[in-house]
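One structure is given below, encoded as structure tokens.
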Amino acid sequence: MLLLANKEAWPGFPTTVQMLREGAISLDAMVAGISKVESEVRVRSVGYGGWPNMLGNMELDGAVMDGNTRDVGTVGAVPNTLPVARLAHEVMKRLPHVMLTGDGARRFASEIGFSEDDVLFEDSKRVWWERLEKELSPEELAKFPDIPLAPLSRTITDPERVRDTTVFLSADPTRGIHAATSTSGWAWKYPGRLGDSPIPGAGFYADSRYGAAACTHTGEMTMRCSTARTVVLALKFGYSLSDAVKLAVEELNELSSGFLAGVVIHAVDAKGNHEVVNFRCEGEIRYWLWEDSMPEPELRAAKQA
Ligand code: GLY
């Protein structure tokens, strides 16, 4: 048994480990762990601690994938709802669909008993408004939000607020290989923007026969390259895990236009190997690893691409 997650998974990783140790279904264990990450305000890229869109509204994305069946459930740009990885799991279990977004996802949440809550954290609201005050003229501020937002989306890209995500991957010879994600997405994103975290093939993919991958940071890169699917397809074609991730990195590296920034690829294979590779993200990237031979989870450093 192996469990892999990015560093921001710390509030929920031990819960998932404990549940897996006790024999839980892998996706149930990962969704329970991610729900804890989503409610922890000190994690500033996921759930309640995350950042709002340009209008100051939280729009959350989440997903699950069962690698045994390749069933997927995802939700995108969901307002007033937590936990969204759990909501994505319910989409997978209850609907003939793969993805719900926006008001439809909110409606489904109400139908199945999720409460409707203001999930905008006071500090996120303060930082968002201060940022707008810096960027907008007094005339624009007076008219806000009835101003064109597109020019703003080109200027208020915020390098201090990373486009992070929480990603969990589990691999077990009997339970199979599974993936789950959750994020508040890009700080100050244009309303309705989806990142890669709810997009199967881009932000996550799992196939128990070969392996799984999930990405953090710039969804605008991985959505253009189907990064997670590239890794798993390369495994299917016989690449080693390390070469499969290298291929996905090469494809990211070939992009030369549009919004270009960093990506971290987390990957596991069906043989029990794992790789976490940092492509152009600043600073040291770390991740959580637990294998059933380990008494405690370990925080390790990602490789540089
Ligand atoms: N990878 C998170 C996002 O782009 O929203």
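Residue numbering restarts at 1 for every chain of the structure tokens, chains are lettered A, B, ... in their displayed order, and ligands are numbered from 1 as they appear.
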
Determine, for each residue of chain A having at least one atom at most 10 Å from an atom of ligand 1, the closest pair of atoms and their separation in Å to one decimal, counting only C-alpha atoms and all ligand atoms; order by chain and ascending number, as CSV.
residue,atom,partner,partner_atom_place_in_ligand_line,distance
A:Ser45,CA,ligand 1,2 (C),8.6
A:Val46,CA,ligand 1,2 (C),9.4
A:Leu60,CA,ligand 1,5 (O),9.1
A:Asp61,CA,ligand 1,5 (O),7.8
A:Gly62,CA,ligand 1,5 (O),9.9
A:Val162,CA,ligand 1,2 (C),8.7
A:Arg163,CA,ligand 1,2 (C),5.0
A:Asp164,CA,ligand 1,2 (C),5.1
A:Thr165,CA,ligand 1,2 (C),5.2
A:Thr166,CA,ligand 1,2 (C),8.6
A:Val167,CA,ligand 1,1 (N),9.4
A:Thr181,CA,ligand 1,1 (N),9.3
A:Ser182,CA,ligand 1,2 (C),8.4
A:Thr183,CA,ligand 1,2 (C),6.3
A:Ser184,CA,ligand 1,5 (O),6.8
A:Gly185,CA,ligand 1,5 (O),3.4
A:Trp186,CA,ligand 1,5 (O),5.0
A:Ala187,CA,ligand 1,5 (O),8.7
A:Lys189,CA,ligand 1,5 (O),9.0
A:Arg193,CA,ligand 1,5 (O),8.5
A:Leu194,CA,ligand 1,5 (O),6.6
A:Gly195,CA,ligand 1,5 (O),3.7
A:Asp196,CA,ligand 1,4 (O),5.2
A:Ser197,CA,ligand 1,2 (C),5.6
A:Pro198,CA,ligand 1,5 (O),8.7
A:Ile199,CA,ligand 1,1 (N),10.0
A:Ala202,CA,ligand 1,1 (N),9.3
A:Gly203,CA,ligand 1,1 (N),6.7
A:Phe204,CA,ligand 1,1 (N),10.0
A:Ala214,CA,ligand 1,1 (N),9.3
A:Cys215,CA,ligand 1,1 (N),6.4
A:Thr216,CA,ligand 1,1 (N),4.4
A:His217,CA,ligand 1,1 (N),4.2
A:Thr218,CA,ligand 1,4 (O),4.4
A:Gly219,CA,ligand 1,4 (O),3.3
A:Glu220,CA,ligand 1,4 (O),6.2
A:Met221,CA,ligand 1,4 (O),8.2
A:Thr222,CA,ligand 1,1 (N),8.2
A:Met223,CA,ligand 1,4 (O),8.8
A:Gly262,CA,ligand 1,1 (N),9.8
A:Val263,CA,ligand 1,1 (N),7.9
A:Val264,CA,ligand 1,1 (N),9.0

Inset, instruction - Report the residues of stretch 202-264 of chain A whose backbone DSSP state falls under strand (DSSP E or B), written as a list in words. - result: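 Strand (DSSP E or B) assignments inside stretch 202-264 of chain A correspond to Phe204, Tyr205, Ala206, Asp207, Gly211, Ala212, Ala213, Ala214, Cys215, Thr216, His217, Val263 and Val264 of chain A.
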
Do you know which residues are at most 8 Å from stretch 33-42 of chain A counting only C-alpha atoms, after dropping those on the same chain fewer than 2 positions away, and could you put them as a CSV table (one decimal) with N, CA and C atoms, in the first residue's frame?
chain,number,residue,atom,x,y,z
A,8,GLU,N,0.7,20.3,1.2
A,8,GLU,CA,-0.5,21.0,1.8
A,8,GLU,C,-1.5,20.0,2.3
A,9,ALA,N,-1.3,18.7,2.1
A,9,ALA,CA,-2.2,17.7,2.6
A,9,ALA,C,-2.1,17.4,4.1
A,10,TRP,N,-1.2,18.1,4.8
A,10,TRP,CA,-0.9,17.7,6.2
A,10,TRP,C,-2.1,17.6,7.1
A,11,PRO,N,-3.2,18.4,6.9
A,11,PRO,CA,-4.2,18.3,7.9
A,11,PRO,C,-5.0,17.0,7.8
A,12,GLY,N,-5.0,16.4,6.6
A,12,GLY,CA,-5.8,15.2,6.4
A,12,GLY,C,-5.0,13.9,6.1
A,13,PHE,N,-3.7,14.0,5.8
A,13,PHE,CA,-3.0,12.8,5.4
A,13,PHE,C,-3.0,11.8,6.5
A,14,PRO,N,-2.9,12.1,7.8
A,14,PRO,CA,-2.9,11.1,8.9
A,14,PRO,C,-4.2,10.4,8.9
A,15,THR,N,-5.3,11.1,8.7
A,15,THR,CA,-6.7,10.5,8.7
A,15,THR,C,-6.8,9.4,7.6
A,16,THR,N,-6.3,9.8,6.4
A,16,THR,CA,-6.3,8.8,5.3
A,16,THR,C,-5.4,7.6,5.6
A,29,ALA,N,-11.3,6.8,2.1
A,29,ALA,CA,-10.2,7.3,3.0
A,29,ALA,C,-9.6,8.6,2.5
A,30,MET,N,-9.4,8.7,1.2
A,30,MET,CA,-8.8,9.9,0.6
A,30,MET,C,-9.8,11.1,0.7
A,31,VAL,N,-11.1,10.9,0.5
A,31,VAL,CA,-12.1,12.0,0.6
A,31,VAL,C,-12.2,12.4,2.0
A,44,ARG,N,-3.7,27.6,2.4
A,44,ARG,CA,-4.2,28.8,1.6
A,44,ARG,C,-4.4,28.6,0.1
A,46,VAL,N,-6.7,25.7,-0.8
A,46,VAL,CA,-7.7,24.7,-0.9
A,46,VAL,C,-8.9,25.0,0.0
A,47,GLY,N,-10.1,24.8,-0.4
A,47,GLY,CA,-11.3,24.9,0.5
A,47,GLY,C,-11.4,26.3,1.2
A,48,TYR,N,-11.7,26.2,2.5
A,48,TYR,CA,-12.0,27.4,3.3
A,48,TYR,C,-10.9,28.4,3.4
A,49,GLY,N,-9.6,27.9,3.4
A,49,GLY,CA,-8.5,28.8,3.5
A,49,GLY,C,-8.0,29.3,2.2
A,50,GLY,N,-8.7,29.0,1.1
A,50,GLY,CA,-8.3,29.3,-0.3
A,50,GLY,C,-8.6,30.8,-0.6
A,82,LEU,N,-18.8,23.1,0.8
A,82,LEU,CA,-17.6,22.3,1.3
A,82,LEU,C,-18.2,21.0,1.9
A,83,PRO,N,-17.6,19.9,1.8
A,83,PRO,CA,-16.3,19.7,1.1
A,83,PRO,C,-16.6,19.3,-0.3
A,84,VAL,N,-15.8,19.8,-1.3
A,84,VAL,CA,-16.1,19.5,-2.7
A,84,VAL,C,-15.5,18.2,-3.2
A,85,ALA,N,-14.5,17.7,-2.6
A,85,ALA,CA,-14.0,16.3,-3.1
A,85,ALA,C,-15.1,15.3,-2.7
A,86,ARG,N,-15.8,15.5,-1.6
A,86,ARG,CA,-16.9,14.6,-1.2
A,86,ARG,C,-18.0,14.8,-2.2
A,121,PHE,N,-13.3,33.0,3.7
A,121,PHE,CA,-12.5,33.3,4.9
A,121,PHE,C,-12.3,34.8,5.0
A,166,THR,N,-4.7,20.4,-3.5
A,166,THR,CA,-4.3,19.2,-2.8
A,166,THR,C,-4.6,18.0,-3.6
A,168,PHE,N,-4.2,13.6,-3.8
A,168,PHE,CA,-3.9,12.4,-3.1
A,168,PHE,C,-3.9,11.3,-4.1
A,181,THR,N,-8.6,15.1,-5.8
A,181,THR,CA,-8.1,16.5,-5.8
A,181,THR,C,-9.1,17.4,-5.2
A,182,SER,N,-8.5,18.6,-4.8
A,182,SER,CA,-9.4,19.7,-4.4
A,182,SER,C,-8.6,21.0,-4.4

Legend entry - Pairwise distance for atom CA of A:Asn68 and atom CA of A:Arg209, rounded to one decimal in Å: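 These two atoms are separated by 7.8 Å.
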
Could you give me, as a tab-separated table, a per-residue list for stretch 189-305 of chain A showing, wherever an atom lies at most 7 Å from an atom of stretch 2-6 of chain A, the closest pair of atoms and their distance in Å to one decimal, using only C-alpha atoms and sorting by chain then residue number from low to high?
residue	atom	partner	partner_atom	distance
A:Gly272	CA	A:Leu2	CA	7.0
A:Arg286	CA	A:Asn6	CA	6.7
A:Tyr287	CA	A:Asn6	CA	4.3
A:Trp288	CA	A:Ala5	CA	5.1
A:Leu289	CA	A:Leu4	CA	4.8
A:Trp290	CA	A:Leu3	CA	5.1
A:Glu291	CA	A:Leu2	CA	4.4
A:Asp292	CA	A:Leu2	CA	6.7

Inset, instruction - Extract, using only C-alpha atoms, all DNA, RNA and protein residues at most 12 Å from A:Thr174, discarding same-chain residues fewer than 5 positions from it, and format them as a count of residues only. - result: 10

Inset, instruction - For A:Lys236, list every protein, DNA or RNA residue within 12 Å, evaluated using only C-alpha atoms, and leave out those in the same chain fewer than 4 positions away; present the list as a ChimeraX atom specification. - result: /A:206-212,229-232,240-241,244,269-270

Inset, instruction - Using only C-alpha atoms, pick whichever of A:Glu22, A:Gly102, A:Met58, A:Pro96 has the shortest atom-to-atom distance to A:Asp117. - result: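 Counting only C-alpha atoms, the residue closest to A:Asp117 is A:Met58.
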
Inset, instruction - Using only C-alpha atoms, find the one residue out of A:Arg224, A:Arg280, A:Arg175, A:Arg300 that sits nearest to A:Leu255. - result: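 Residue with the minimum atom-to-atom distance to A:Leu255: A:Arg224.
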
Inset, instruction - Considering only C-alpha atoms, return as a PyMOL selection string whatever protein or nucleic-acid residues lie within 8 Å of A:Lys303, sequence-local ones (same chain, fewer than 6 positions apart) excluded. - result: chain A and resi 275-278

Selected residues written out with C-alpha atoms, as a compact mmCIF listing (two decimals), in the first residue's frame:
# COMPACT_ATOMS: atom_id res chain seq x y z
CA GLU A 275 7.81 10.08 -8.56
CA VAL A 276 7.21 13.72 -7.68
CA VAL A 277 8.79 16.16 -10.12
CA ASN A 278 8.94 19.94 -10.00
